[in-house]
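Some notes on the structure that comes next.
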Number of protein chains: 2
Amino acid sequence: MCELLGMECNVPTDIVFSFSGLALRGGVRGPHADGWGLALYEGRAVRTFLEPAAAANSKLAAYVRSHPIKTLLAIAHVRKRTRGPISLANTHPFVRELWGRHFTFAHNGTVRGVKRHKLTRFHPIGTTDSEYAFCVILNRLERAFPGGYPQDRAKLHRAVARIGKELGESGTFNFLLGDGEQMFARCATKLSYIVRKAPFEKATLADEDLTVDFAEVTTPRDRVAIVATAPLTRDERWTIGRPGEMWVFRRGQLAATLRS
Amino acid sequence: MCELLGMECNVPTDIVFSFSGLALRGGVRGPHADGWGLALYEGRAVRTFLEPAAAANSKLAAYVRSHPIKTLLAIAHVRKRTRGPISLANTHPFVRELWGRHFTFAHNGTVRGVKRHKLTRFHPIGTTDSEYAFCVILNRLERAFPGGYPQDRAKLHRAVARIGKELGESGTFNFLLGDGEQMFARCATKLSYIVRKAPFEKATLADEDLTVDFAEVTTPRDRVAIVATAPLTRDERWTIGRPGEMWVFRRGQLAATLRS
């Protein structure tokens, strides 16, 4: 099992505080020492930092923490290998271009039956069930919306939820999916979120004595949605997902909740 | 105009020496201060470091130089903006998945007419003619080889050369294209290469007093092909490309030369 972290905001925000909490679980506090990745959007394009090694001791992860890049949408992952060897190709998040934008995907769980699904346009590079499932999602979306990125966002939400439900029937399918404009977060077994907004308060990481006073680093109009496998802070009220629930975050707020 | 750098080897090699030479041209010695990118393969997967800012002063570029990652295939680029604003989406190299492998592309020049070509599967995320041309190449390759990555490499070489010639007719189309197994290097106006192999000697960067003794960092079986817009060293014999020539490098040697 792995740990997921997503951030979706209405103003460019750095993910350092939350990523620090996640990175700790990548090898020091947690068993997720088999790789980590961080994807940061700029518009419809994403850049990724990937390493098939523990985040906790990573010099690249330390670099990322000490040189924050602000973004409206970020997806991060620390990996505890279940299926597929440790390699760059098997390191989440995975990225593909569809409709002239990057889609980014990270998964927690195992979807055993997924390789029964036939692939068309998108093919995995590595050997994980996770990347395969991502390819299935994109193949389905492309077929469902031949005209390109749907203007009607609710249709896209329903399509992602439907595919998530179907693939989730043959395994554990907690995932984060970003498209540069919104973030989909599906809970199969374990996922939680919080939306930070005014009045901002202090928060302390659950796994370390690191506190941030968000009032000092934000403006009253900021809204920041954070999704994580487990709550990252010990003094905030996180919403815990129910099995089969999918959230959509847009402009720093919960835009939709779909249940299957 | 931009500067290209490619490396293709038979044993994992770090690109730090050559990348240092390139990075100097990205803002200090050269006018290419509008972005830089470095793509490093691990098997069929690539990781990229991208920054829409000058390489010469970049902390990320400094990080990459001081934490070398060995690879069999690397493509780097420093950008002097000609078309398309400075942004992550417009920063080379560009990456797409085709046939379950990453293709990576960097371009030097301007291909004005390229947007006349209809796109099918692959679409640009940014606004450069370069990324558009890359999408045209991949759309054509996918159509030409419906069975996937061709077993007959010569057919793939000819297909890439043919598309290169066609797109090159409406502009300047120097490019590097990697597929995880080989590197295609097309010269429209300016490109050069060298294959370093035993007996290895010393080399000094053209733009800085930085010397490396390759005999100290290699074994007698190593072969390293380096391609660059302009020779990066002043004491080695580079082969200068002719207009319309395309080289293919595989396992550290020149595997094919195609002329159009």
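Residue numbering restarts at 1 for every chain of the structure tokens, chains are lettered A, B, ... in their displayed order, and ligands are numbered from 1 as they appear.
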Mind listing as a short mmCIF file (atom, residue, chain, number, x, y, z; two decimals) with C-alpha atoms, in the first residue's frame which residues of chain B are within 8 Å of chain A, counting only C-alpha atoms?
```
data_model
loop_
_atom_site.label_atom_id
_atom_site.label_comp_id
_atom_site.auth_asym_id
_atom_site.auth_seq_id
_atom_site.Cartn_x
_atom_site.Cartn_y
_atom_site.Cartn_z
CA GLU B 42 15.71 4.46 -17.40
CA GLY B 43 14.72 1.70 -19.78
CA ARG B 44 11.65 2.77 -21.73
CA ALA B 45 10.69 5.41 -19.15
CA VAL B 46 12.08 8.90 -18.96
CA ARG B 47 12.27 11.46 -16.20
CA THR B 48 12.57 15.13 -17.00
CA PHE B 49 13.87 18.18 -15.22
CA LEU B 50 12.30 21.29 -16.71
CA TYR B 63 21.32 20.23 -8.33
CA LEU B 88 6.51 25.14 -18.58
CA ALA B 89 4.28 23.92 -21.42
CA ARG B 96 4.75 11.42 -24.96
CA GLU B 97 3.98 7.75 -24.52
CA LEU B 98 3.61 5.70 -27.69
CA TRP B 99 3.62 1.87 -27.84
CA GLY B 100 4.29 1.64 -24.10
CA ARG B 101 7.47 3.69 -24.19
CA HIS B 102 8.34 7.32 -23.76
CA PHE B 122 -1.34 13.52 -30.06
CA HIS B 123 -1.99 17.19 -29.31
CA PRO B 124 0.31 19.92 -28.07
CA ILE B 125 -0.15 21.31 -24.57
CA GLY B 126 1.83 24.48 -25.21
#
```
Practice problem: Write down as a PyMOL selection string the residues of segment 61-249 of chain A whose backbone DSSP state falls under strand (DSSP E or B). | Solution: chain A and resi 71-78+94-98+101-108+111+171+174-178+183-187+192-197+202-205+211-213+223-228+233+239-240+245-249
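Of the residues listed (A:Phe200, A:Arg140, A:Asp14, A:Thr211), A:Asp14 shows the shortest atom-to-atom separation from Lys70 of chain A; distances use only C-alpha atoms.
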If you count only C-alpha atoms, which residues fall within 12 Å of Thr71 of chain B, apart from same-chain ones fewer than 3 positions away, as a ChimeraX atom specification?
/A:88 /B:6-16,38-47,68,74-75,180-181,224,251-252
Since we have the selection now, will you write its residues out, keeping N, CA and C atoms, as an mmCIF file, in the first residue's frame?
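The file below, out_16.cif, is the result:
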```cif
data_model
loop_
_atom_site.group_PDB
_atom_site.id
_atom_site.type_symbol
_atom_site.label_atom_id
_atom_site.label_comp_id
_atom_site.auth_asym_id
_atom_site.auth_seq_id
_atom_site.Cartn_x
_atom_site.Cartn_y
_atom_site.Cartn_z
ATOM 1 N N LEU A 88 11.917 3.383 -12.201
ATOM 2 C CA LEU A 88 11.338 4.672 -12.587
ATOM 3 C C LEU A 88 9.980 4.473 -13.244
ATOM 4 N N GLY B 6 22.420 15.733 -26.875
ATOM 5 C CA GLY B 6 21.956 14.367 -26.699
ATOM 6 C C GLY B 6 23.115 13.459 -26.340
ATOM 7 N N MET B 7 22.813 12.399 -25.599
ATOM 8 C CA MET B 7 23.831 11.416 -25.254
ATOM 9 C C MET B 7 23.214 10.028 -25.372
ATOM 10 N N GLU B 8 23.941 9.127 -26.033
ATOM 11 C CA GLU B 8 23.440 7.752 -26.189
ATOM 12 C C GLU B 8 24.645 6.830 -25.991
ATOM 13 N N CYS B 9 24.531 5.855 -25.082
ATOM 14 C CA CYS B 9 25.701 5.091 -24.634
ATOM 15 C C CYS B 9 25.408 3.598 -24.576
ATOM 16 N N ASN B 10 26.487 2.827 -24.443
ATOM 17 C CA ASN B 10 26.323 1.383 -24.249
ATOM 18 C C ASN B 10 26.416 0.976 -22.781
ATOM 19 N N VAL B 11 26.852 1.872 -21.921
ATOM 20 C CA VAL B 11 26.817 1.644 -20.469
ATOM 21 C C VAL B 11 26.309 2.929 -19.810
ATOM 22 N N PRO B 12 25.626 2.798 -18.672
ATOM 23 C CA PRO B 12 25.083 4.003 -18.033
ATOM 24 C C PRO B 12 26.183 5.022 -17.731
ATOM 25 N N THR B 13 25.929 6.235 -18.157
ATOM 26 C CA THR B 13 26.935 7.297 -18.105
ATOM 27 C C THR B 13 26.250 8.553 -17.576
ATOM 28 N N ASP B 14 27.003 9.383 -16.857
ATOM 29 C CA ASP B 14 26.366 10.636 -16.459
ATOM 30 C C ASP B 14 26.701 11.713 -17.477
ATOM 31 N N ILE B 15 25.775 12.642 -17.606
ATOM 32 C CA ILE B 15 25.872 13.641 -18.679
ATOM 33 C C ILE B 15 26.397 14.962 -18.128
ATOM 34 N N VAL B 16 26.921 14.943 -16.894
ATOM 35 C CA VAL B 16 27.233 16.191 -16.204
ATOM 36 C C VAL B 16 28.216 17.077 -16.974
ATOM 37 N N LEU B 38 16.032 18.694 -19.261
ATOM 38 C CA LEU B 38 16.903 17.531 -19.353
ATOM 39 C C LEU B 38 16.044 16.291 -19.162
ATOM 40 N N ALA B 39 16.135 15.363 -20.100
ATOM 41 C CA ALA B 39 15.372 14.113 -20.022
ATOM 42 C C ALA B 39 16.353 12.963 -19.904
ATOM 43 N N LEU B 40 16.137 12.099 -18.921
ATOM 44 C CA LEU B 40 17.046 10.991 -18.641
ATOM 45 C C LEU B 40 16.253 9.689 -18.652
ATOM 46 N N TYR B 41 16.636 8.784 -19.520
ATOM 47 C CA TYR B 41 15.905 7.512 -19.615
ATOM 48 C C TYR B 41 16.367 6.518 -18.562
ATOM 49 N N GLU B 42 15.412 5.699 -18.116
ATOM 50 C CA GLU B 42 15.715 4.460 -17.396
ATOM 51 C C GLU B 42 14.870 3.414 -18.099
ATOM 52 N N GLY B 43 15.472 2.632 -18.952
ATOM 53 C CA GLY B 43 14.717 1.703 -19.783
ATOM 54 C C GLY B 43 13.839 2.469 -20.756
ATOM 55 N N ARG B 44 12.570 2.111 -20.804
ATOM 56 C CA ARG B 44 11.654 2.770 -21.731
ATOM 57 C C ARG B 44 10.971 3.989 -21.111
ATOM 58 N N ALA B 45 11.297 4.266 -19.852
ATOM 59 C CA ALA B 45 10.689 5.413 -19.153
ATOM 60 C C ALA B 45 11.698 6.543 -19.044
ATOM 61 N N VAL B 46 11.191 7.748 -19.052
ATOM 62 C CA VAL B 46 12.077 8.904 -18.960
ATOM 63 C C VAL B 46 11.657 9.772 -17.780
ATOM 64 N N ARG B 47 12.617 10.409 -17.152
ATOM 65 C CA ARG B 47 12.266 11.456 -16.196
ATOM 66 C C ARG B 47 12.833 12.761 -16.725
ATOM 67 N N PRO B 68 24.617 13.588 -10.179
ATOM 68 C CA PRO B 68 24.468 12.977 -11.497
ATOM 69 C C PRO B 68 23.670 11.668 -11.459
ATOM 70 N N ALA B 74 20.045 10.371 -22.981
ATOM 71 C CA ALA B 74 19.618 11.650 -22.405
ATOM 72 C C ALA B 74 19.453 12.677 -23.505
ATOM 73 N N ILE B 75 18.489 13.557 -23.324
ATOM 74 C CA ILE B 75 18.276 14.657 -24.268
ATOM 75 C C ILE B 75 18.095 15.937 -23.455
ATOM 76 N N GLY B 180 14.073 5.556 -26.051
ATOM 77 C CA GLY B 180 14.480 4.655 -24.969
ATOM 78 C C GLY B 180 15.465 3.597 -25.430
ATOM 79 N N GLU B 181 15.581 3.426 -26.747
ATOM 80 C CA GLU B 181 16.459 2.399 -27.299
ATOM 81 C C GLU B 181 17.476 3.009 -28.250
ATOM 82 N N VAL B 224 30.318 6.238 -25.891
ATOM 83 C CA VAL B 224 29.388 7.320 -25.586
ATOM 84 C C VAL B 224 29.280 8.229 -26.800
ATOM 85 N N ARG B 251 23.352 2.006 -28.764
ATOM 86 C CA ARG B 251 24.428 1.371 -27.994
ATOM 87 C C ARG B 251 25.758 2.106 -28.144
ATOM 88 N N GLY B 252 25.684 3.414 -28.177
ATOM 89 C CA GLY B 252 26.895 4.219 -28.194
ATOM 90 C C GLY B 252 27.594 4.307 -29.521
#
```
**Q.** Shell of 12 Å around Phe214 of chain B, only C-alpha atoms, local chain residues under 6 positions omitted, as a ChimeraX atom specification
**A.** /B:13-14,17,196-204,220,222-224,236
Output the selection as a PDB file, in the first residue's frame - C-alpha atoms for each residue.
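Done, and the output landed in selection_22.pdb:
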```pdb
ATOM      1  CA  THR B  13      26.935   7.297 -18.105  1.00  0.00           C
ATOM      2  CA  ASP B  14      26.366  10.636 -16.459  1.00  0.00           C
ATOM      3  CA  PHE B  17      30.288  17.284 -18.181  1.00  0.00           C
ATOM      4  CA  ARG B 196      33.965   8.714 -27.361  1.00  0.00           C
ATOM      5  CA  LYS B 197      35.513   5.277 -27.006  1.00  0.00           C
ATOM      6  CA  ALA B 198      38.834   3.689 -26.026  1.00  0.00           C
ATOM      7  CA  PRO B 199      41.500   4.970 -25.970  1.00  0.00           C
ATOM      8  CA  PHE B 200      39.831   7.739 -23.994  1.00  0.00           C
ATOM      9  CA  GLU B 201      41.538  11.079 -23.703  1.00  0.00           C
ATOM     10  CA  LYS B 202      41.107  14.410 -21.999  1.00  0.00           C
ATOM     11  CA  ALA B 203      38.576  16.931 -23.209  1.00  0.00           C
ATOM     12  CA  THR B 204      38.084  20.592 -22.368  1.00  0.00           C
ATOM     13  CA  PRO B 220      37.724   0.225 -22.257  1.00  0.00           C
ATOM     14  CA  ASP B 222      32.441   2.113 -22.943  1.00  0.00           C
ATOM     15  CA  ARG B 223      31.096   3.968 -25.929  1.00  0.00           C
ATOM     16  CA  VAL B 224      29.388   7.320 -25.586  1.00  0.00           C
ATOM     17  CA  GLU B 236      38.190  16.699 -29.772  1.00  0.00           C
TER      18      GLU B 236
END
```
Next on the checklist: Set the distance at 9 Å and use only C-alpha atoms: which residues neighbour Val136 of chain A once local chain neighbours fewer than 3 positions away are removed? I'd like the list as a list in words.
Outcome noted: Val114, His117, Lys118, Leu119, Thr120, Phe122, His123, Glu131, Tyr132, Ala133, Asn139, Arg140, Leu141, Ile163 and Leu167 of chain A
Take the residues just selected and output them with N, CA and C atoms as a PDB file, in the first residue's frame.
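Saved file result.pdb follows:
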```
ATOM      1  N   VAL A 114      -7.255  -5.861 -13.312  1.00  0.00           N
ATOM      2  CA  VAL A 114      -7.304  -4.752 -14.274  1.00  0.00           C
ATOM      3  C   VAL A 114      -6.748  -5.135 -15.642  1.00  0.00           C
ATOM      4  N   HIS A 117      -8.749  -5.808 -18.881  1.00  0.00           N
ATOM      5  CA  HIS A 117      -9.286  -4.746 -19.738  1.00  0.00           C
ATOM      6  C   HIS A 117      -8.366  -4.521 -20.930  1.00  0.00           C
ATOM      7  N   LYS A 118      -8.975  -4.456 -22.085  1.00  0.00           N
ATOM      8  CA  LYS A 118      -8.193  -4.280 -23.304  1.00  0.00           C
ATOM      9  C   LYS A 118      -7.722  -2.828 -23.415  1.00  0.00           C
ATOM     10  N   LEU A 119      -6.513  -2.651 -23.876  1.00  0.00           N
ATOM     11  CA  LEU A 119      -5.984  -1.302 -24.055  1.00  0.00           C
ATOM     12  C   LEU A 119      -6.105  -0.888 -25.511  1.00  0.00           C
ATOM     13  N   THR A 120      -6.323   0.385 -25.744  1.00  0.00           N
ATOM     14  CA  THR A 120      -6.378   0.877 -27.124  1.00  0.00           C
ATOM     15  C   THR A 120      -5.236   1.864 -27.339  1.00  0.00           C
ATOM     16  N   PHE A 122      -3.746   4.240 -25.033  1.00  0.00           N
ATOM     17  CA  PHE A 122      -2.747   4.432 -23.969  1.00  0.00           C
ATOM     18  C   PHE A 122      -2.246   3.081 -23.472  1.00  0.00           C
ATOM     19  N   HIS A 123      -0.941   2.970 -23.334  1.00  0.00           N
ATOM     20  CA  HIS A 123      -0.336   1.721 -22.879  1.00  0.00           C
ATOM     21  C   HIS A 123       0.622   2.003 -21.728  1.00  0.00           C
ATOM     22  N   GLU A 131      -0.587   1.830 -13.167  1.00  0.00           N
ATOM     23  CA  GLU A 131      -0.434   2.531 -14.438  1.00  0.00           C
ATOM     24  C   GLU A 131      -1.378   1.935 -15.484  1.00  0.00           C
ATOM     25  N   TYR A 132      -1.557   0.622 -15.412  1.00  0.00           N
ATOM     26  CA  TYR A 132      -2.493  -0.030 -16.335  1.00  0.00           C
ATOM     27  C   TYR A 132      -3.904   0.543 -16.141  1.00  0.00           C
ATOM     28  N   ALA A 133      -4.320   0.668 -14.864  1.00  0.00           N
ATOM     29  CA  ALA A 133      -5.645   1.209 -14.566  1.00  0.00           C
ATOM     30  C   ALA A 133      -5.772   2.635 -15.084  1.00  0.00           C
ATOM     31  N   ASN A 139      -8.258   5.654 -21.817  1.00  0.00           N
ATOM     32  CA  ASN A 139      -8.843   5.069 -23.023  1.00  0.00           C
ATOM     33  C   ASN A 139     -10.363   5.239 -23.018  1.00  0.00           C
ATOM     34  N   ARG A 140     -10.963   5.000 -21.844  1.00  0.00           N
ATOM     35  CA  ARG A 140     -12.420   5.137 -21.734  1.00  0.00           C
ATOM     36  C   ARG A 140     -12.867   6.583 -21.905  1.00  0.00           C
ATOM     37  N   LEU A 141     -12.127   7.500 -21.289  1.00  0.00           N
ATOM     38  CA  LEU A 141     -12.504   8.918 -21.389  1.00  0.00           C
ATOM     39  C   LEU A 141     -12.422   9.390 -22.836  1.00  0.00           C
ATOM     40  N   ILE A 163     -16.007   4.702 -14.171  1.00  0.00           N
ATOM     41  CA  ILE A 163     -14.838   3.847 -14.441  1.00  0.00           C
ATOM     42  C   ILE A 163     -14.188   3.448 -13.117  1.00  0.00           C
ATOM     43  N   LEU A 167     -13.552  -0.448 -12.075  1.00  0.00           N
ATOM     44  CA  LEU A 167     -12.223  -1.006 -11.780  1.00  0.00           C
ATOM     45  C   LEU A 167     -12.105  -1.343 -10.298  1.00  0.00           C
TER      46      LEU A 167
END
```
Correct to one decimal, the distance atom CA of Ser260 of chain B-atom CA of Gly147 of chain B is 26.3 Å
